[in-house]
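Source file: final02.tsv; contents: TSV, C-alpha atoms.
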chain	number	residue	atom	x	y	z
A	1	MET	CA	-7.13	-30.96	12.93
A	2	THR	CA	-6.84	-31.41	9.17
A	3	LYS	CA	-5.27	-28.84	6.87
A	4	GLU	CA	-8.68	-28.27	5.30
A	5	GLU	CA	-10.15	-27.40	8.70
A	6	ILE	CA	-7.28	-25.05	9.46
A	7	ARG	CA	-7.65	-23.31	6.09
A	8	ALA	CA	-11.39	-22.89	6.74
A	9	LEU	CA	-10.65	-21.30	10.12
A	10	ALA	CA	-8.08	-19.02	8.49
A	11	LYS	CA	-10.58	-18.00	5.80
A	12	ASN	CA	-13.08	-17.05	8.49
A	13	CYS	CA	-10.39	-14.86	10.07
A	14	GLY	CA	-9.74	-13.05	6.77
A	15	ILE	CA	-6.75	-14.98	5.41
A	16	ASP	CA	-6.77	-15.97	1.73
A	17	LEU	CA	-3.97	-18.52	1.44
A	18	VAL	CA	-2.32	-20.90	3.92
A	19	GLY	CA	0.73	-23.06	3.29
A	20	PHE	CA	2.37	-25.56	5.62
A	21	THR	CA	6.01	-26.49	6.02
A	22	THR	CA	8.23	-27.56	8.91
A	23	CYS	CA	10.69	-25.57	10.96
A	24	GLU	CA	13.18	-28.39	10.49
A	25	ARG	CA	13.05	-27.99	6.71
A	26	LEU	CA	13.46	-24.22	6.97
A	27	ASP	CA	16.35	-24.57	9.40
A	28	GLN	CA	18.22	-26.44	6.69
A	29	LYS	CA	17.78	-23.64	4.13
A	30	LEU	CA	17.79	-20.34	6.02
A	31	PRO	CA	20.68	-18.38	7.57
A	32	GLU	CA	21.19	-19.11	11.25
A	33	SER	CA	19.97	-15.70	12.42
A	34	VAL	CA	16.49	-16.25	10.93
A	35	ARG	CA	16.00	-19.97	11.48
A	36	PRO	CA	12.69	-20.80	13.17
A	37	SER	CA	14.57	-22.80	15.82
A	38	GLN	CA	16.00	-19.48	17.04
A	39	ILE	CA	12.43	-18.54	18.00
A	40	SER	CA	11.22	-21.84	19.48
A	41	GLU	CA	12.21	-25.49	19.52
A	42	TYR	CA	8.74	-26.57	20.63
A	43	LEU	CA	6.62	-25.33	17.73
A	44	PRO	CA	7.60	-27.61	14.82
A	45	VAL	CA	5.09	-26.51	12.14
A	46	PHE	CA	5.58	-23.29	10.16
A	47	MET	CA	2.49	-21.83	8.48
A	48	VAL	CA	2.70	-19.06	5.90
A	49	LEU	CA	-0.42	-16.90	5.69
A	50	ALA	CA	-1.27	-14.59	2.78
A	51	ARG	CA	-3.76	-11.81	2.24
A	52	HIS	CA	-4.31	-10.49	-1.26
A	53	ILE	CA	-3.94	-6.81	-2.12
A	54	PRO	CA	-7.32	-5.48	-3.31
A	55	VAL	CA	-7.50	-4.71	-7.02
A	56	GLY	CA	-8.66	-1.21	-6.16
A	57	ILE	CA	-5.25	-0.33	-4.76
A	58	SER	CA	-3.65	-1.10	-8.11
A	59	ALA	CA	-6.31	1.04	-9.76
A	60	ALA	CA	-5.40	4.06	-7.63
A	61	ALA	CA	-3.21	6.69	-9.22
A	62	ASP	CA	-2.21	8.63	-6.10
A	63	GLY	CA	0.93	7.25	-4.44
A	64	SER	CA	0.09	8.42	-0.92
A	65	ALA	CA	-3.38	6.87	-1.08
A	66	LYS	CA	-1.86	3.59	-2.26
A	67	GLN	CA	0.64	3.61	0.59
A	68	MET	CA	-2.06	4.18	3.20
A	69	ALA	CA	-4.27	1.48	1.66
A	70	ALA	CA	-1.34	-0.95	1.65
A	71	ALA	CA	-0.64	-0.21	5.31
A	72	ILE	CA	-4.25	-1.09	6.09
A	73	VAL	CA	-3.94	-4.43	4.31
A	74	HIS	CA	-0.82	-5.24	6.32
A	75	ARG	CA	-2.63	-4.40	9.54
A	76	VAL	CA	-5.65	-6.47	8.54
A	77	LEU	CA	-3.37	-9.44	7.83
A	78	GLU	CA	-1.63	-9.19	11.19
A	79	GLU	CA	-4.96	-8.89	13.01
A	80	ALA	CA	-6.32	-11.88	11.06
A	81	ALA	CA	-3.25	-13.93	11.98
A	82	ALA	CA	-3.65	-12.98	15.63
A	83	GLY	CA	-7.32	-13.98	15.42
A	84	LEU	CA	-6.35	-17.37	14.02
A	85	ALA	CA	-3.81	-17.82	16.83
A	86	TYR	CA	-6.52	-17.19	19.41
A	87	VAL	CA	-8.83	-19.71	17.73
A	88	LEU	CA	-6.08	-22.32	17.79
A	89	GLU	CA	-5.40	-21.51	21.44
A	90	GLU	CA	-9.06	-22.12	22.25
A	91	LYS	CA	-8.57	-25.57	20.75
A	92	GLU	CA	-5.56	-26.05	23.08
A	93	TYR	CA	-2.83	-25.55	20.47
A	94	LEU	CA	0.06	-23.12	20.73
A	95	ALA	CA	0.83	-20.52	18.08
A	96	VAL	CA	3.09	-17.48	17.68
A	97	VAL	CA	2.60	-14.94	14.88
A	98	LEU	CA	5.57	-13.62	12.91
A	99	PRO	CA	4.65	-10.16	11.52
A	100	SER	CA	4.53	-9.52	7.80
A	101	LEU	CA	7.67	-7.37	7.79
A	102	THR	CA	9.89	-9.50	10.01
A	103	MET	CA	13.43	-8.63	8.94
A	104	ASP	CA	16.90	-9.98	9.63
A	105	PHE	CA	18.34	-7.11	11.67
A	106	LYS	CA	21.17	-9.33	12.93
A	107	GLY	CA	22.51	-10.23	9.52
A	108	ARG	CA	21.91	-6.79	7.98
A	109	ASP	CA	21.69	-8.55	4.63
A	110	GLU	CA	20.41	-6.47	1.72
A	111	LEU	CA	18.68	-9.60	0.45
A	112	SER	CA	16.33	-9.34	3.42
A	113	ASN	CA	14.87	-6.20	1.83
A	114	THR	CA	11.14	-6.48	1.35
A	115	PRO	CA	10.25	-5.35	-2.21
A	116	ALA	CA	6.94	-3.48	-2.36
A	117	GLY	CA	6.33	-4.47	1.26
A	118	GLN	CA	5.46	-8.09	0.43
A	119	ALA	CA	7.62	-9.67	3.15
A	120	SER	CA	11.24	-10.35	4.05
A	121	LEU	CA	13.13	-12.73	1.79
A	122	TYR	CA	13.13	-15.39	4.46
A	123	LEU	CA	9.35	-15.33	4.79
A	124	ARG	CA	9.08	-15.50	1.00
A	125	LEU	CA	11.38	-18.52	0.95
A	126	ALA	CA	9.20	-20.12	3.61
A	127	ALA	CA	6.18	-19.49	1.38
A	128	VAL	CA	7.90	-21.30	-1.49
A	129	GLU	CA	8.66	-24.26	0.78
A	130	ALA	CA	5.02	-24.21	1.91
A	131	GLY	CA	3.78	-24.55	-1.67
A	132	LEU	CA	2.15	-21.11	-1.98
A	133	GLY	CA	4.08	-20.17	-5.11
A	134	THR	CA	7.51	-19.58	-6.62
A	135	LEU	CA	9.93	-16.66	-6.67
A	136	GLY	CA	9.68	-14.27	-9.58
A	137	LEU	CA	12.38	-12.44	-11.51
A	138	ASN	CA	12.76	-9.91	-8.67
A	139	ASN	CA	12.64	-12.53	-5.88
A	140	MET	CA	9.05	-11.69	-4.97
A	141	LEU	CA	6.67	-14.54	-4.27
A	142	LEU	CA	4.28	-15.23	-7.16
A	143	THR	CA	1.07	-17.10	-6.38
A	144	ARG	CA	-1.24	-18.75	-8.87
A	145	GLU	CA	-4.23	-16.90	-7.45
A	146	PHE	CA	-2.91	-13.35	-7.06
A	147	GLY	CA	0.54	-13.26	-8.67
A	148	PRO	CA	2.83	-11.13	-6.46
A	149	ARG	CA	-0.09	-9.07	-5.13
A	150	VAL	CA	-0.10	-10.60	-1.65
A	151	TYR	CA	1.32	-9.72	1.74
A	152	LEU	CA	2.66	-12.48	3.94
A	153	CYS	CA	3.08	-13.31	7.59
A	154	GLY	CA	4.13	-16.46	9.40
A	155	MET	CA	2.92	-18.59	12.27
A	156	MET	CA	4.72	-21.26	14.26
A	157	THR	CA	2.52	-23.84	15.96
A	158	ASN	CA	2.41	-27.30	17.50
A	159	LEU	CA	-0.34	-28.48	15.17
A	160	GLU	CA	0.25	-31.97	13.83
A	161	VAL	CA	-0.12	-31.63	10.07
A	162	GLU	CA	1.93	-32.74	7.08
A	163	ALA	CA	3.98	-30.21	5.17
A	164	ASP	CA	2.87	-29.08	1.72
A	165	GLU	CA	5.21	-29.69	-1.19
A	166	PRO	CA	6.80	-26.82	-3.16
A	167	LEU	CA	5.45	-26.19	-6.67
A	168	GLN	CA	7.42	-28.02	-9.34
A	169	ASN	CA	7.20	-25.42	-12.12
A	170	GLU	CA	8.17	-21.74	-12.13
A	171	LEU	CA	5.24	-19.33	-12.36
A	172	CYS	CA	7.39	-16.42	-13.56
A	173	LEU	CA	7.69	-16.19	-17.35
A	174	GLY	CA	11.25	-14.85	-17.19
A	175	LEU	CA	13.00	-12.32	-19.41
A	176	GLU	CA	12.47	-14.14	-22.70
A	177	ASP	CA	8.68	-14.08	-22.43
A	178	CYS	CA	8.01	-11.14	-20.13
A	179	GLY	CA	10.47	-8.89	-18.22
A	180	ARG	CA	7.78	-6.35	-17.41
A	181	CYS	CA	8.85	-5.85	-13.79
A	182	ALA	CA	12.45	-5.19	-14.88
A	183	ALA	CA	11.29	-2.72	-17.51
A	184	VAL	CA	9.20	-0.57	-15.15
A	185	CYS	CA	11.50	-0.65	-12.10
A	186	PRO	CA	12.52	3.00	-11.45
A	187	GLY	CA	15.67	1.92	-9.63
A	188	ASP	CA	16.83	-0.57	-12.26
A	189	ALA	CA	16.97	-3.06	-9.38
A	190	ILE	CA	15.77	-6.09	-11.35
A	191	PRO	CA	17.91	-8.04	-13.87
A	192	ARG	CA	17.33	-7.04	-17.51
A	193	GLN	CA	19.67	-9.49	-19.19
A	194	SER	CA	20.32	-13.21	-19.04
A	195	ARG	CA	21.84	-16.00	-21.03
A	196	LEU	CA	19.44	-17.30	-23.67
A	197	GLY	CA	17.62	-20.37	-22.42
A	198	ALA	CA	19.00	-20.05	-18.88
A	199	PRO	CA	16.73	-21.23	-16.07
A	200	LEU	CA	15.17	-18.42	-14.05
A	201	ALA	CA	17.08	-19.50	-10.93
A	202	ASP	CA	20.35	-18.55	-12.67
A	203	TYR	CA	19.54	-14.87	-13.08
A	204	ARG	CA	16.66	-13.85	-10.81
A	205	GLY	CA	17.72	-11.25	-8.30
A	206	LEU	CA	17.16	-7.87	-6.71
A	207	ASP	CA	19.45	-4.98	-5.88
A	208	GLY	CA	18.06	-4.45	-2.39
A	209	ARG	CA	19.52	-1.00	-1.86
A	210	ALA	CA	18.27	0.31	-5.21
A	211	CYS	CA	14.83	-1.17	-4.58
A	212	ALA	CA	14.61	0.31	-1.08
A	213	THR	CA	15.32	3.80	-2.42
A	214	TYR	CA	11.89	3.70	-4.08
A	215	SER	CA	9.91	1.08	-2.13
A	216	GLN	CA	10.99	2.54	1.23
A	217	PRO	CA	11.55	6.27	0.60
A	218	HIS	CA	10.69	6.96	4.24
A	219	GLY	CA	11.54	3.58	5.71
A	220	VAL	CA	14.11	2.40	8.24
A	221	GLY	CA	17.18	3.13	6.08
A	222	ALA	CA	16.02	6.64	5.18
A	223	PHE	CA	15.13	7.28	8.82
A	224	VAL	CA	18.62	6.33	10.01
A	225	ASP	CA	20.38	8.31	7.27
A	226	HIS	CA	18.31	11.43	7.90
A	227	PHE	CA	18.79	11.53	11.65
A	228	ARG	CA	22.47	10.68	11.33
A	229	SER	CA	22.80	13.87	9.27
A	230	VAL	CA	20.81	15.77	11.92
A	231	PHE	CA	23.05	14.62	14.76
A	232	ARG	CA	26.17	15.54	12.79
A	233	GLN	CA	24.96	19.08	12.12
A	234	ASP	CA	26.95	21.70	14.12
A	235	ASP	CA	25.38	24.88	12.80
A	236	PRO	CA	22.29	25.76	14.95
A	237	THR	CA	20.44	27.32	12.04
A	238	GLU	CA	21.01	24.32	9.77
A	239	LEU	CA	20.12	21.99	12.62
A	240	ARG	CA	16.77	23.74	13.15
A	241	SER	CA	16.15	23.71	9.41
A	242	LYS	CA	16.70	19.94	9.21
A	243	ILE	CA	14.53	19.26	12.27
A	244	ASP	CA	11.70	21.37	10.87
A	245	SER	CA	12.01	19.99	7.36
A	246	SER	CA	9.30	18.08	5.54
A	247	ASP	CA	11.63	15.07	5.45
A	248	THR	CA	11.53	14.85	9.24
A	249	SER	CA	7.73	15.09	9.22
A	250	LEU	CA	7.36	12.45	6.51
A	251	LEU	CA	9.76	10.06	8.24
A	252	TRP	CA	7.94	10.41	11.55
A	253	TYR	CA	4.55	9.97	9.89
A	254	ASN	CA	5.61	6.89	7.94
A	255	MET	CA	7.40	5.19	10.83
A	256	ALA	CA	4.86	6.06	13.54
A	257	VAL	CA	1.54	6.17	11.68
A	258	LEU	CA	1.78	4.37	8.35
A	259	ARG	CA	4.21	1.81	9.82
A	260	GLN	CA	4.00	-1.01	7.26
A	261	GLY	CA	3.13	1.55	4.59
A	262	ALA	CA	6.66	2.91	4.95
A	263	PHE	CA	7.76	-0.16	2.98
A	264	THR	CA	5.25	0.20	0.14
A	265	GLY	CA	6.26	3.45	-1.54
A	266	CYS	CA	6.70	1.76	-4.93
A	267	SER	CA	4.61	-1.14	-6.19
A	268	ARG	CA	5.07	-0.90	-9.97
A	269	CYS	CA	6.40	-4.44	-10.25
A	270	LEU	CA	3.25	-5.74	-8.55
A	271	GLN	CA	0.95	-3.99	-10.96
A	272	VAL	CA	2.45	-5.16	-14.24
A	273	CYS	CA	3.02	-8.83	-13.41
A	274	PRO	CA	0.63	-10.88	-15.61
A	275	ILE	CA	0.62	-13.88	-13.26
A	276	GLY	CA	-2.51	-14.40	-11.17
A	277	ASN	CA	-6.23	-14.75	-11.67
A	278	ASP	CA	-6.71	-11.10	-10.67
A	279	TYR	CA	-4.57	-9.59	-13.43
A	280	GLU	CA	-7.37	-9.19	-15.96
A	281	SER	CA	-9.37	-7.11	-13.46
A	282	ILE	CA	-6.34	-4.95	-12.67
A	283	GLN	CA	-5.88	-4.06	-16.34
A	284	ILE	CA	-9.42	-2.68	-16.59
A	285	SER	CA	-8.18	0.58	-15.06
A	286	PRO	CA	-7.16	2.97	-17.90
A	287	HIS	CA	-4.01	4.27	-16.19
A	288	ARG	CA	-2.86	0.70	-15.57
A	289	GLN	CA	-2.85	0.34	-19.34
A	290	ARG	CA	-0.08	2.94	-19.40
A	291	ASP	CA	2.23	1.07	-17.02
A	292	LEU	CA	4.22	-0.71	-19.68
A	293	PRO	CA	6.92	1.37	-21.35
A	294	VAL	CA	6.63	2.21	-25.01
A	295	GLY	CA	8.69	-0.13	-27.13
A	296	LEU	CA	9.20	-2.83	-24.52
A	297	ARG	CA	10.64	-5.87	-26.21
A	298	SER	CA	13.09	-8.67	-25.63
A	299	GLN	CA	16.17	-8.67	-27.86
A	300	ILE	CA	18.28	-11.73	-28.58
A	301	SER	CA	21.95	-11.01	-29.23
A	302	GLY	CA	24.25	-13.99	-29.52
A	303	GLU	CA	23.72	-16.08	-26.41
A	304	ASN	CA	21.99	-13.34	-24.42
A	305	VAL	CA	18.45	-12.01	-24.13
A	306	SER	CA	17.81	-8.45	-22.93
A	307	ILE	CA	14.82	-6.26	-22.18
A	308	LEU	CA	15.10	-3.02	-24.15
A	309	LEU	CA	13.15	0.23	-23.96
A	310	SER	CA	13.13	2.06	-27.26
A	311	ASN	CA	11.58	5.17	-25.69
A	312	PRO	CA	11.76	4.99	-21.89
A	313	ALA	CA	11.23	8.74	-21.43
A	314	ALA	CA	7.77	8.45	-22.96
A	315	SER	CA	6.80	5.33	-21.08
A	316	ARG	CA	4.32	7.10	-18.78
A	317	GLY	CA	2.45	8.98	-21.43
A	318	HIS	CA	1.15	6.35	-23.80
A	319	LYS	CA	-1.45	3.67	-23.56
A	320	THR	CA	-0.12	0.18	-24.19
A	321	ASP	CA	-0.60	-3.24	-22.71
A	322	GLU	CA	1.26	-5.13	-25.37
A	323	VAL	CA	4.67	-6.74	-25.06
A	324	SER	CA	6.17	-7.35	-28.47
A	325	LYS	CA	8.88	-9.90	-29.20
A	326	GLY	CA	11.77	-8.63	-31.32

Go ahead and express the file in the form of structure tokens.
Amino acid sequence: MTKEEIRALAKNCGIDLVGFTTCERLDQKLPESVRPSQISEYLPVFMVLARHIPVGISAAADGSAKQMAAAIVHRVLEEAAAGLAYVLEEKEYLAVVLPSLTMDFKGRDELSNTPAGQASLYLRLAAVEAGLGTLGLNNMLLTREFGPRVYLCGMMTNLEVEADEPLQNELCLGLEDCGRCAAVCPGDAIPRQSRLGAPLADYRGLDGRACATYSQPHGVGAFVDHFRSVFRQDDPTELRSKIDSSDTSLLWYNMAVLRQGAFTGCSRCLQVCPIGNDYESIQISPHRQRDLPVGLRSQISGENVSILLSNPAASRGHKTDEVSKG
């Protein structure tokens, strides 16, 4: 089968983007615990599949509604990937689907955190190798079609196709020309300063723990911390109070019902990124116009460039979609 035929099959299953790389190439770049060869030595091709996040989710103002909608998109992507695997099986190929939120539980590396629920770092790196895009300032995958507004999953297969080549140029505009995601991050998890003229690769990054506090308010980490405190409680009254608390209910609901939505509590960085053909449609929504903080500007001081907020406290109450250079 040709890559064009495979992409057509994927499109029919509900998948927007497909990139191809090899497990051998990924084995050379990924930590041992998440190398594809740990899964199978007989499926040499690694496909990265992407489904875009509908513009309507970005236009929603209610956080709970956005989380539920995001969980649905994750589920749709996984079902689409499974559908594609069945189609390939009918054509006598083998395929195994790697879910969108596959994480490195062995390494327990904060870098494996999945910002805004997009995917684990290792799946995002696979997407870069497969030519789907480049990493942004916050280590999220940016695509030409949808910017960072995609969810990812993987598939290993014995298809005989050539690997795609990574993109040669960065899609992210960096701090000197943008910095929007850093400016709106509630956890200050994204770099806000760099050396003037430095390549993006030198300063891109993400404080995984700070990001997870907002993107996964009722995710795995919060679940473990909460129930650790429950098990350590000696006082019967306090124990009953913790068990009956809204935190317990929310954690159960997110982990058991929302599932993938437990990782999508914050998506502000997705909504302000100007990369992608869908960005103009996203900005039609009036409240999206208020995403960017008042006074956002880049400041050059000596050899450094920084993103400054002249009035961060008022950033949610004013309409602006302009980024001025100072």

Near region 301-306 of chain A, counting all atoms listed in the file, which residues have an atom at most 10 Å away, once you skip same-chain residues fewer than 6 positions from it, shown as an NGL selection string?
:A and (175-176 or 179 or 191-198)

Using CA of Asp234 (chain A) and CA of Ala256 (chain A) as the two end points, give the distance in Å to one decimal.
27.1 Å

For a quick check of understanding, using only C-alpha atoms, which of A:Pro274, A:Gly154, A:Gly83, A:Gly117 has the smallest distance to Tyr214 (chain A)?
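Closest to Tyr214 (chain A), using only C-alpha atoms: A:Gly117.
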
Calculate how many Å separate CA of Asp16 (chain A) from CA of Leu292 (chain A), rounding to one decimal.
28.5 Å

Nearest residue to Ser64 (chain A) out of A:Ile282, A:Ala262, A:Leu308, A:Ala8, using all atoms listed in the file?
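Ranking A:Ile282, A:Ala262, A:Leu308, A:Ala8 by distance to Ser64 (chain A), first place goes to A:Ala262.
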
As a ChimeraX atom specification, please: the residues near Ala82 (chain A) (cut-off 12 Å, all atoms listed in the file, same-chain neighbours under 3 positions excluded).
/A:10,13-15,49,75-79,85-89,94-100,153-156

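Take the candidates A:Thr134, A:Gln260, A:Ser267, A:Asn277 and check each one against Lys66 (chain A) using all atoms listed in the file; the shortest distance goes to A:Ser267.
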